[in-house]
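Next comes data.csv, a file with CSV, C-alpha atoms and all ligand atoms.
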```
chain,number,residue,atom,x,y,z
A,194,MET,CA,-13.4,-181.5,-179.6
A,195,THR,CA,-15.5,-179.5,-182.0
A,196,GLU,CA,-18.7,-181.2,-180.7
A,197,ASN,CA,-17.8,-180.2,-177.1
A,198,LEU,CA,-17.1,-176.7,-178.2
A,199,ARG,CA,-20.3,-176.0,-180.1
A,200,PRO,CA,-22.8,-176.2,-177.2
A,201,ASN,CA,-20.4,-174.0,-175.2
A,202,LEU,CA,-20.3,-171.5,-177.9
A,203,ALA,CA,-24.1,-171.4,-178.2
A,204,ASP,CA,-24.2,-171.0,-174.4
A,205,ALA,CA,-21.6,-168.2,-174.6
A,206,GLN,CA,-23.6,-166.5,-177.4
A,207,ARG,CA,-26.8,-166.5,-175.3
A,208,LYS,CA,-24.8,-164.9,-172.5
A,209,ALA,CA,-23.6,-162.2,-175.0
A,210,GLU,CA,-27.1,-161.6,-176.1
A,211,ALA,CA,-28.2,-161.1,-172.4
A,212,LEU,CA,-25.4,-158.5,-172.0
A,213,ILE,CA,-26.3,-156.7,-175.2
A,214,GLU,CA,-30.0,-156.6,-174.2
A,215,ALA,CA,-28.8,-154.6,-171.2
A,216,LEU,CA,-27.1,-152.0,-173.4
A,217,PRO,CA,-30.0,-149.6,-174.0
A,218,TRP,CA,-31.0,-149.7,-170.4
A,219,ILE,CA,-27.4,-149.0,-169.3
A,220,GLN,CA,-27.3,-146.1,-171.7
A,221,ARG,CA,-30.6,-144.8,-170.4
A,222,PHE,CA,-30.0,-145.0,-166.7
A,223,ALA,CA,-26.3,-144.4,-166.4
A,224,GLY,CA,-25.7,-141.3,-164.2
A,225,THR,CA,-29.1,-141.6,-162.6
A,226,THR,CA,-29.9,-142.5,-159.0
A,227,MET,CA,-32.1,-145.5,-158.2
A,228,VAL,CA,-33.5,-146.1,-154.7
A,229,ILE,CA,-33.7,-149.8,-153.9
A,230,LYS,CA,-35.7,-150.9,-150.9
A,231,TYR,CA,-34.7,-154.3,-149.6
A,232,GLY,CA,-37.4,-155.8,-147.3
A,233,GLY,CA,-36.9,-157.9,-144.3
A,234,ASN,CA,-38.9,-160.8,-145.7
A,235,ALA,CA,-36.6,-160.9,-148.8
A,236,MET,CA,-33.4,-160.9,-146.8
A,237,ILE,CA,-33.8,-163.9,-144.6
A,238,ASN,CA,-31.8,-166.2,-146.9
A,239,GLU,CA,-28.0,-165.9,-147.1
A,240,GLU,CA,-27.8,-166.8,-150.8
A,241,LEU,CA,-30.3,-164.2,-151.7
A,242,ARG,CA,-28.5,-161.5,-149.6
A,243,ARG,CA,-25.3,-162.3,-151.5
A,244,ALA,CA,-27.1,-162.1,-154.9
A,245,PHE,CA,-28.6,-158.8,-153.8
A,246,ALA,CA,-25.2,-157.4,-152.9
A,247,GLU,CA,-23.8,-158.5,-156.4
A,248,ASP,CA,-26.7,-156.8,-158.1
A,249,ILE,CA,-26.1,-153.5,-156.2
A,250,VAL,CA,-22.4,-153.6,-157.1
A,251,PHE,CA,-23.3,-154.4,-160.7
A,252,LEU,CA,-25.6,-151.3,-160.9
A,253,ARG,CA,-22.7,-149.2,-159.5
A,254,HIS,CA,-20.4,-150.5,-162.2
A,255,ALA,CA,-23.0,-149.9,-164.9
A,256,GLY,CA,-22.8,-146.2,-164.0
A,257,ILE,CA,-26.0,-146.1,-161.9
A,258,ASN,CA,-26.0,-144.6,-158.4
A,259,PRO,CA,-27.8,-147.1,-156.2
A,260,VAL,CA,-29.1,-146.0,-152.8
A,261,VAL,CA,-30.2,-148.9,-150.6
A,262,VAL,CA,-33.0,-148.4,-148.0
A,263,HIS,CA,-33.5,-151.5,-145.9
A,264,GLY,CA,-36.2,-152.9,-143.7
A,265,GLY,CA,-35.9,-155.6,-141.1
A,266,GLY,CA,-39.4,-156.2,-139.7
A,267,PRO,CA,-38.9,-160.0,-139.3
A,268,GLN,CA,-35.5,-159.5,-137.7
A,269,ILE,CA,-37.0,-156.9,-135.3
A,270,ASN,CA,-39.8,-159.4,-134.4
A,271,LYS,CA,-37.2,-162.1,-133.7
A,272,MET,CA,-35.2,-159.9,-131.3
A,273,LEU,CA,-38.4,-158.6,-129.6
A,274,ASP,CA,-39.5,-162.2,-129.1
A,275,THR,CA,-36.1,-163.1,-127.7
A,276,LEU,CA,-36.2,-160.2,-125.2
A,277,GLY,CA,-39.9,-161.0,-124.4
A,278,ILE,CA,-41.1,-157.6,-125.5
A,279,GLU,CA,-44.6,-157.6,-127.1
A,280,SER,CA,-45.4,-155.6,-130.2
A,281,GLU,CA,-48.3,-155.4,-132.5
A,282,PHE,CA,-49.0,-154.0,-136.0
A,283,ARG,CA,-51.8,-151.6,-136.8
A,284,GLY,CA,-52.6,-150.8,-140.5
A,285,GLY,CA,-49.2,-152.3,-141.5
A,286,LEU,CA,-47.2,-150.2,-139.0
A,287,ARG,CA,-45.6,-151.3,-135.7
A,288,VAL,CA,-46.9,-149.7,-132.5
A,289,THR,CA,-43.6,-148.6,-131.1
A,290,THR,CA,-43.0,-148.2,-127.4
A,291,PRO,CA,-39.8,-146.6,-126.1
A,292,GLU,CA,-38.6,-150.2,-125.2
A,293,ALA,CA,-39.4,-151.5,-128.7
A,294,MET,CA,-37.7,-148.4,-130.2
A,295,ASP,CA,-34.4,-149.3,-128.6
A,296,VAL,CA,-34.7,-152.7,-130.2
A,297,VAL,CA,-35.7,-151.3,-133.6
A,298,ARG,CA,-32.7,-149.0,-133.6
A,299,MET,CA,-30.4,-151.8,-132.5
A,300,VAL,CA,-31.6,-154.3,-135.0
A,301,LEU,CA,-31.9,-152.0,-138.0
A,302,THR,CA,-28.7,-149.9,-137.6
A,303,GLY,CA,-26.6,-152.3,-135.6
A,304,GLN,CA,-27.4,-155.6,-137.3
A,305,VAL,CA,-29.3,-155.5,-140.6
A,306,GLN,CA,-27.5,-152.5,-142.0
A,307,ARG,CA,-24.0,-153.8,-140.9
A,308,ASP,CA,-24.7,-157.2,-142.6
A,309,LEU,CA,-25.7,-155.5,-145.9
A,310,VAL,CA,-22.7,-153.1,-145.8
A,311,GLY,CA,-20.4,-156.1,-145.2
A,312,LEU,CA,-21.9,-158.1,-148.1
A,313,ILE,CA,-21.6,-155.2,-150.5
A,314,ASN,CA,-18.1,-154.5,-149.4
A,315,SER,CA,-17.0,-158.1,-149.9
A,316,HIS,CA,-16.8,-156.9,-153.6
A,317,GLY,CA,-14.7,-153.8,-152.8
A,318,PRO,CA,-14.9,-150.8,-150.4
A,319,TYR,CA,-18.1,-149.3,-151.9
A,320,SER,CA,-20.7,-149.1,-149.2
A,321,VAL,CA,-21.3,-146.7,-146.3
A,322,GLY,CA,-24.0,-147.4,-143.8
A,323,MET,CA,-26.0,-144.6,-142.3
A,324,SER,CA,-29.2,-144.2,-140.3
A,325,GLY,CA,-31.6,-141.4,-140.8
A,326,GLU,CA,-30.0,-140.0,-137.6
A,327,ASP,CA,-26.6,-139.5,-139.1
A,328,GLY,CA,-26.3,-135.9,-140.2
A,329,ALA,CA,-30.0,-135.7,-139.5
A,330,THR,CA,-30.5,-137.1,-143.0
A,331,LEU,CA,-34.1,-138.1,-142.4
A,332,GLN,CA,-36.1,-135.7,-140.3
A,333,ALA,CA,-39.5,-136.9,-139.0
A,334,ILE,CA,-42.6,-136.0,-137.2
A,335,ARG,CA,-44.8,-138.4,-135.2
A,336,ARG,CA,-47.7,-140.0,-137.1
A,337,GLY,CA,-50.6,-142.2,-136.1
A,338,THR,CA,-52.9,-144.1,-138.5
A,339,VAL,CA,-56.5,-144.8,-139.1
A,340,VAL,CA,-57.8,-148.3,-138.8
A,341,ASP,CA,-61.5,-149.1,-139.4
A,342,GLY,CA,-62.3,-145.4,-139.2
A,343,GLN,CA,-60.6,-145.0,-135.8
A,344,GLN,CA,-57.5,-142.9,-135.2
A,345,VAL,CA,-54.7,-145.1,-133.7
A,346,ASP,CA,-51.7,-143.8,-131.7
A,347,LEU,CA,-48.6,-145.7,-132.9
A,348,GLY,CA,-46.2,-144.3,-130.3
A,349,LEU,CA,-42.7,-143.6,-131.5
A,350,VAL,CA,-43.6,-144.0,-135.2
A,351,GLY,CA,-42.5,-141.2,-137.6
A,352,GLU,CA,-43.2,-139.8,-141.1
A,353,VAL,CA,-40.3,-138.2,-142.9
A,354,THR,CA,-40.9,-134.5,-143.5
A,355,ARG,CA,-37.4,-133.5,-144.7
A,356,VAL,CA,-34.5,-135.3,-146.4
A,357,ARG,CA,-31.0,-133.8,-146.2
A,358,THR,CA,-30.2,-134.9,-149.7
A,359,ASP,CA,-26.8,-133.2,-149.5
A,360,GLN,CA,-25.7,-135.9,-147.1
A,361,VAL,CA,-26.7,-138.7,-149.5
A,362,ASP,CA,-25.4,-136.9,-152.6
A,363,SER,CA,-22.0,-136.3,-151.1
A,364,LEU,CA,-21.6,-140.1,-150.6
A,365,ILE,CA,-22.8,-140.7,-154.2
A,366,ASP,CA,-20.4,-138.1,-155.5
A,367,ALA,CA,-17.6,-139.9,-153.7
A,368,GLY,CA,-18.5,-143.1,-155.5
A,369,MET,CA,-20.0,-144.7,-152.5
A,370,ILE,CA,-23.2,-146.8,-152.1
A,371,PRO,CA,-25.3,-145.5,-149.2
A,372,VAL,CA,-27.2,-148.2,-147.2
A,373,ILE,CA,-29.8,-146.4,-145.1
A,374,SER,CA,-31.8,-147.5,-142.0
A,375,THR,CA,-35.0,-145.8,-141.4
A,376,VAL,CA,-34.6,-144.6,-137.9
A,377,ALA,CA,-35.2,-140.8,-137.9
A,378,PRO,CA,-34.7,-138.0,-135.3
A,379,GLU,CA,-38.0,-136.2,-134.4
A,380,PHE,CA,-38.2,-132.6,-135.3
A,381,ASP,CA,-40.9,-130.2,-133.9
A,382,GLN,CA,-43.0,-127.8,-135.8
A,383,ASP,CA,-40.3,-125.1,-135.6
A,384,GLY,CA,-37.8,-127.5,-137.2
A,385,GLU,CA,-36.0,-128.1,-133.9
A,386,PRO,CA,-34.9,-131.6,-132.8
A,387,THR,CA,-36.9,-132.9,-129.9
A,388,GLY,CA,-34.2,-135.4,-128.9
A,389,ALA,CA,-36.5,-138.4,-129.6
A,390,VAL,CA,-35.9,-141.0,-132.4
A,391,LEU,CA,-38.8,-142.4,-134.4
A,392,ASN,CA,-39.4,-145.7,-136.2
A,393,VAL,CA,-40.2,-145.1,-139.9
A,394,ASN,CA,-41.6,-147.7,-142.2
A,395,ALA,CA,-38.9,-148.6,-144.7
A,396,ASP,CA,-41.2,-148.6,-147.8
A,397,THR,CA,-42.5,-145.2,-147.0
A,398,ALA,CA,-39.0,-143.8,-146.3
A,399,ALA,CA,-37.7,-145.3,-149.6
A,400,GLY,CA,-40.4,-143.5,-151.5
A,401,VAL,CA,-39.7,-140.2,-149.8
A,402,LEU,CA,-35.9,-140.6,-150.5
A,403,ALA,CA,-36.5,-141.5,-154.1
A,404,THR,CA,-38.6,-138.4,-154.6
A,405,ALA,CA,-36.1,-136.1,-152.8
A,406,LEU,CA,-33.1,-137.5,-154.7
A,407,GLY,CA,-34.9,-137.2,-158.0
A,408,ALA,CA,-34.4,-141.0,-158.6
A,409,SER,CA,-35.1,-142.5,-162.0
A,410,LYS,CA,-36.6,-145.6,-160.3
A,411,LEU,CA,-37.8,-146.8,-157.0
A,412,VAL,CA,-37.4,-150.6,-156.8
A,413,ILE,CA,-39.0,-152.4,-153.8
A,414,LEU,CA,-38.0,-156.0,-153.3
A,415,THR,CA,-40.4,-158.2,-151.3
A,416,ASP,CA,-41.5,-161.8,-150.8
A,417,VAL,CA,-44.2,-162.0,-153.4
A,418,GLU,CA,-44.0,-161.8,-157.3
A,419,GLY,CA,-45.5,-158.4,-157.3
A,420,LEU,CA,-48.9,-156.8,-156.7
A,421,TYR,CA,-51.9,-159.1,-157.2
A,422,GLY,CA,-55.2,-157.6,-158.3
A,423,ALA,CA,-57.2,-160.2,-156.4
A,424,TRP,CA,-54.8,-161.3,-153.5
A,425,PRO,CA,-54.2,-164.1,-152.7
A,426,ASP,CA,-55.1,-165.4,-156.2
A,427,LYS,CA,-51.7,-166.0,-157.8
A,428,SER,CA,-53.1,-165.8,-161.3
A,429,SER,CA,-54.0,-162.1,-160.7
A,430,LEU,CA,-50.4,-160.6,-160.9
A,431,ILE,CA,-50.5,-157.0,-162.3
A,432,THR,CA,-47.5,-156.4,-164.5
A,433,SER,CA,-48.1,-152.7,-165.1
A,434,ILE,CA,-50.5,-150.2,-163.5
A,435,THR,CA,-50.8,-146.5,-163.9
A,436,ALA,CA,-50.7,-144.1,-161.0
A,437,ASP,CA,-54.4,-143.3,-161.4
A,438,GLU,CA,-55.4,-147.0,-161.4
A,439,LEU,CA,-53.3,-147.6,-158.3
A,440,ARG,CA,-54.9,-144.6,-156.6
A,441,GLU,CA,-58.3,-146.3,-157.0
A,442,MET,CA,-57.0,-149.6,-155.8
A,443,LEU,CA,-55.1,-148.4,-152.8
A,444,PRO,CA,-58.0,-148.3,-150.3
A,445,THR,CA,-58.7,-152.0,-151.0
A,446,LEU,CA,-55.1,-153.2,-150.2
A,447,GLU,CA,-54.1,-155.1,-147.1
A,448,SER,CA,-51.2,-155.3,-144.6
A,449,GLY,CA,-47.7,-154.9,-145.9
A,450,MET,CA,-48.9,-153.9,-149.4
A,451,ILE,CA,-50.4,-150.7,-148.0
A,452,PRO,CA,-47.1,-148.8,-147.3
A,453,LYS,CA,-45.4,-150.4,-150.4
A,454,MET,CA,-48.0,-149.3,-153.0
A,455,GLY,CA,-48.6,-146.0,-151.2
A,456,ALA,CA,-44.8,-145.3,-151.5
A,457,CYS,CA,-44.8,-146.2,-155.2
A,458,LEU,CA,-47.8,-144.0,-155.9
A,459,LYS,CA,-46.4,-141.0,-154.0
A,460,ALA,CA,-43.0,-141.4,-155.7
A,461,VAL,CA,-44.4,-141.6,-159.2
A,462,ASP,CA,-46.8,-138.7,-158.6
A,463,ALA,CA,-43.9,-136.7,-157.4
A,464,GLY,CA,-41.8,-137.3,-160.6
A,465,VAL,CA,-39.9,-140.6,-160.0
A,466,GLY,CA,-39.8,-142.2,-163.5
A,467,GLN,CA,-41.2,-145.6,-162.5
A,468,ALA,CA,-41.7,-147.6,-159.3
A,469,HIS,CA,-41.4,-151.4,-159.2
A,470,ILE,CA,-42.4,-154.2,-156.9
A,471,VAL,CA,-40.1,-157.2,-157.6
A,472,ASP,CA,-39.8,-160.7,-156.1
A,473,GLY,CA,-36.8,-160.7,-153.7
A,474,ARG,CA,-37.1,-164.5,-153.4
A,475,GLU,CA,-35.8,-164.8,-157.0
A,476,PRO,CA,-32.0,-164.2,-157.2
A,477,HIS,CA,-31.1,-161.2,-159.4
A,478,SER,CA,-34.8,-160.2,-160.0
A,479,MET,CA,-33.7,-156.5,-159.6
A,480,LEU,CA,-31.2,-156.8,-162.5
A,481,LEU,CA,-33.9,-158.5,-164.6
A,482,GLU,CA,-36.2,-155.7,-163.9
A,483,ILE,CA,-33.8,-152.9,-164.7
A,484,PHE,CA,-31.9,-154.5,-167.7
A,485,THR,CA,-34.4,-156.4,-169.7
A,486,ALA,CA,-37.1,-155.1,-172.0
A,487,ALA,CA,-39.9,-157.2,-170.5
A,488,GLY,CA,-39.0,-156.5,-166.8
A,489,VAL,CA,-40.4,-158.5,-163.9
A,490,GLY,CA,-42.9,-158.0,-161.1
A,491,THR,CA,-45.3,-155.0,-161.1
A,492,GLN,CA,-44.4,-151.6,-162.5
A,493,VAL,CA,-46.2,-148.4,-161.5
A,494,VAL,CA,-46.0,-145.7,-164.2
A,495,PRO,CA,-47.2,-142.1,-164.4
A,496,ALA,CA,-50.8,-141.6,-165.6
A,497,ASP,CA,-49.5,-139.7,-168.6
A,498,PRO,CA,-49.1,-142.4,-171.3
A,499,ALA,CA,-46.3,-140.5,-173.0
A,500,ALA,CA,-44.2,-140.8,-169.8
A,501,ALA,CA,-45.4,-144.4,-169.3
A,502,SER,CA,-44.5,-145.7,-172.8
A,503,THR,CA,-40.9,-146.5,-172.0
A,504,LYS,CA,-40.9,-149.9,-170.3
A,601,LIG,N1,-52.6,-157.4,-153.2
A,601,LIG,C1,-51.5,-158.0,-152.7
A,601,LIG,N2,-50.5,-158.4,-153.6
A,601,LIG,C2,-49.4,-159.0,-153.1
A,601,LIG,N3,-49.1,-159.2,-151.8
A,601,LIG,C3,-50.0,-158.8,-150.9
A,601,LIG,C4,-51.3,-158.2,-151.3
A,601,LIG,N4,-52.0,-157.9,-150.2
A,601,LIG,C5,-51.3,-158.3,-149.1
A,601,LIG,N5,-50.1,-158.8,-149.5
A,601,LIG,C6,-49.1,-159.3,-148.5
A,601,LIG,O1,-48.1,-158.3,-148.4
A,601,LIG,C7,-46.8,-159.0,-148.1
A,601,LIG,C8,-45.6,-158.1,-148.4
A,601,LIG,O2,-45.5,-157.1,-147.4
A,601,LIG,P1,-44.5,-157.3,-146.2
A,601,LIG,O3,-44.7,-158.6,-145.5
A,601,LIG,O4,-44.6,-156.0,-145.4
A,601,LIG,O5,-43.1,-157.3,-147.0
A,601,LIG,P2,-41.6,-156.8,-146.7
A,601,LIG,O6,-41.1,-157.5,-145.4
A,601,LIG,O7,-40.9,-157.3,-147.9
A,601,LIG,O8,-41.6,-155.3,-146.6
A,601,LIG,C9,-46.9,-160.2,-149.0
A,601,LIG,O9,-46.1,-161.3,-148.6
A,601,LIG,C10,-48.4,-160.6,-148.9
A,601,LIG,O10,-48.6,-161.5,-147.9
A,602,LIG,C1,-43.2,-148.2,-138.3
A,602,LIG,C2,-42.8,-149.6,-138.8
A,602,LIG,O1,-43.6,-150.5,-138.9
A,602,LIG,N1,-41.5,-149.8,-139.0
A,602,LIG,C3,-40.9,-151.0,-139.4
A,602,LIG,C4,-39.5,-150.7,-139.8
A,602,LIG,C5,-38.8,-151.9,-140.5
A,602,LIG,C6,-39.5,-152.2,-141.9
A,602,LIG,O2,-40.2,-151.4,-142.5
A,602,LIG,O3,-39.1,-153.5,-142.3
A,602,LIG,P1,-39.7,-154.3,-143.6
A,602,LIG,O4,-39.5,-153.5,-144.8
A,602,LIG,O5,-39.0,-155.5,-143.5
A,602,LIG,O6,-41.2,-154.5,-143.3
A,602,LIG,C7,-40.9,-152.1,-138.3
A,602,LIG,O7,-40.8,-151.7,-137.1
A,602,LIG,O8,-41.0,-153.2,-138.6
```
Is it possible to give me this structure as structure tokens?
Ligand SMILES: Nc1ncnc2c1ncn2[C@@H]1O[C@H](COP(=O)(O)OP(=O)(O)O)[C@@H](O)[C@H]1O
Ligand SMILES: CC(=O)N[C@@H](CCC(=O)OP(=O)(O)O)C(=O)O
Amino acid sequence: MTENLRPNLADAQRKAEALIEALPWIQRFAGTTMVIKYGGNAMINEELRRAFAEDIVFLRHAGINPVVVHGGGPQINKMLDTLGIESEFRGGLRVTTPEAMDVVRMVLTGQVQRDLVGLINSHGPYSVGMSGEDGATLQAIRRGTVVDGQQVDLGLVGEVTRVRTDQVDSLIDAGMIPVISTVAPEFDQDGEPTGAVLNVNADTAAGVLATALGASKLVILTDVEGLYGAWPDKSSLITSITADELREMLPTLESGMIPKMGACLKAVDAGVGQAHIVDGREPHSMLLEIFTAAGVGTQVVPADPAAASTK
């Protein structure tokens, strides 16, 4: 009997140590808002989606206000394929025709967002889904991009110029967890809605939201361990990088990492405490990042070492 109990006790004590390790981080972050971006490539497996929902509910019960911004690029691709609609990416962004825009809106707001809200709400009635269109929470202007020195027209692709933070804060104040899809109404230069809706890259939108909400952290989950200094060399993982170092590295980055690291840099430059890229393929990687001293993935910290010395 005693022999059976001892290993269990040791195991239980290890679990208690893990809980206690979280205490200083709970004390530090309770009452703050964190923006968590959940990417399409990290949400293709049901078990991972369930673990993600648990982590979000855990944050909420640790006194943190999580705001989820989700992507869905692979899910949009799948639906476009099914419908026989062609689409291409330029500089990491989807060239969005009116036909493709209908699919983006349907998949992000009607499918991916609904799934996430349902998974979170399997733990209790916490989550409310909204798109940038609801309450005109995300307001955008059209943007193109530059590829190989050439200006490229991306069609119905937007850049968020204004966030109605009051809409998000009122949900947080009511104890809810907002899950936001990055479809945004277009506004003209006079601040009037044009009636069009725009497709906004979810990483970029998450960064803008984190800044507008005064978030303590921006956490971006993706399908790699973090940022590699010499991609695709897996031994070149960067665990911590300052905003100034990242600024220098940014022009050398490729594909999906361009909007991700750009979002982290902008957010940290604008006062978000830290930004993180974590591996969404590992269950609970977000909790490990937030509640352990070592953290996981890549953290982007302000250039000022005093501000960066925390974790
Ligand atoms: N320096 C780099 N470090 C890590 N990943 C990189 C790097 N450069 C390009 N990548 C690619 O970026 C991808 C992540 O971007 P993306 O596919 O848009 O993810 P998500 O769907 O999660 O938003 C990785 O899977 C990897 O293929
Ligand atoms: C303009 C643009 O590229 N929008 C993205 C929006 C979804 C997204 O960002 O999804 P991930 O986070 O899964 O990549 C798209 O159409 O795929």
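Going from atom N5 of ligand LIG 601 (chain A) to CA of Thr485 (chain A) covers 25.7 Å.
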Just want the 6 Å neighbourhood of Ala235 (chain A), counted on only C-alpha atoms, with same-chain residues fewer than 4 positions away dropped. Output as an MDAnalysis selection string. chainID A and resid 415:416 473:474
At most 6 Å from ligand LIG 601 (chain A) (all atoms listed in the file): residue list as a count of residues only: 17
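Using only C-alpha atoms, the protein and nucleic acid residues lying no more than 6 Å from region 428-443 of chain A, apart from those fewer than 6 places from it along its own chain, are Leu420, Tyr421, Gly422, Leu458, Gly490, Thr491, Gln492, Val493, Val494, Pro495 and Ala496 of chain A.
The residue that comes closest to ligand LIG 602 (chain A), out of A:Val353, A:Ala333, A:Ala244, A:Val393 and on the basis of all atoms listed in the file, is A:Val393.
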Repaired coordinates for region 343-361 of chain A (N, CA and C atoms) as a short mmCIF file (atom, residue, chain, number, x, y, z; two decimals), in the coordinates of the input:
```cif
data_model
loop_
_atom_site.label_atom_id
_atom_site.label_comp_id
_atom_site.auth_asym_id
_atom_site.auth_seq_id
_atom_site.Cartn_x
_atom_site.Cartn_y
_atom_site.Cartn_z
N GLN A 343 -61.02 -145.51 -137.08
CA GLN A 343 -60.60 -145.00 -135.80
C GLN A 343 -59.12 -144.56 -135.85
N GLN A 344 -58.85 -143.40 -135.25
CA GLN A 344 -57.50 -142.90 -135.20
C GLN A 344 -56.70 -143.79 -134.17
N VAL A 345 -55.52 -144.27 -134.59
CA VAL A 345 -54.70 -145.10 -133.70
C VAL A 345 -53.39 -144.45 -133.42
N ASP A 346 -53.03 -144.39 -132.13
CA ASP A 346 -51.70 -143.80 -131.70
C ASP A 346 -50.68 -144.93 -131.86
N LEU A 347 -49.65 -144.67 -132.65
CA LEU A 347 -48.60 -145.70 -132.90
C LEU A 347 -47.39 -145.52 -132.03
N GLY A 348 -47.41 -144.53 -131.13
CA GLY A 348 -46.20 -144.30 -130.30
C GLY A 348 -45.11 -143.65 -131.06
N LEU A 349 -43.91 -144.22 -130.95
CA LEU A 349 -42.70 -143.60 -131.50
C LEU A 349 -42.57 -143.96 -133.03
N VAL A 350 -43.62 -143.70 -133.80
CA VAL A 350 -43.60 -144.00 -135.20
C VAL A 350 -43.57 -142.63 -135.97
N GLY A 351 -42.71 -142.53 -136.97
CA GLY A 351 -42.50 -141.20 -137.60
C GLY A 351 -42.86 -141.27 -139.13
N GLU A 352 -42.99 -140.05 -139.62
CA GLU A 352 -43.20 -139.80 -141.10
C GLU A 352 -42.12 -138.82 -141.46
N VAL A 353 -41.39 -139.10 -142.52
CA VAL A 353 -40.30 -138.20 -142.90
C VAL A 353 -40.84 -136.94 -143.52
N THR A 354 -40.40 -135.82 -142.98
CA THR A 354 -40.90 -134.50 -143.50
C THR A 354 -39.75 -133.79 -144.26
N ARG A 355 -38.51 -134.21 -144.00
CA ARG A 355 -37.40 -133.50 -144.70
C ARG A 355 -36.27 -134.53 -144.90
N VAL A 356 -35.65 -134.48 -146.09
CA VAL A 356 -34.50 -135.30 -146.40
C VAL A 356 -33.31 -134.38 -146.63
N ARG A 357 -32.22 -134.57 -145.89
CA ARG A 357 -31.00 -133.80 -146.20
C ARG A 357 -30.30 -134.49 -147.33
N THR A 358 -30.73 -134.19 -148.55
CA THR A 358 -30.20 -134.90 -149.70
C THR A 358 -28.70 -134.65 -149.89
N ASP A 359 -28.22 -133.50 -149.37
CA ASP A 359 -26.80 -133.20 -149.50
C ASP A 359 -25.94 -134.29 -148.86
N GLN A 360 -26.44 -134.88 -147.76
CA GLN A 360 -25.70 -135.90 -147.10
C GLN A 360 -25.55 -137.17 -147.94
N VAL A 361 -26.65 -137.50 -148.61
CA VAL A 361 -26.70 -138.70 -149.50
C VAL A 361 -25.88 -138.42 -150.75
#
```
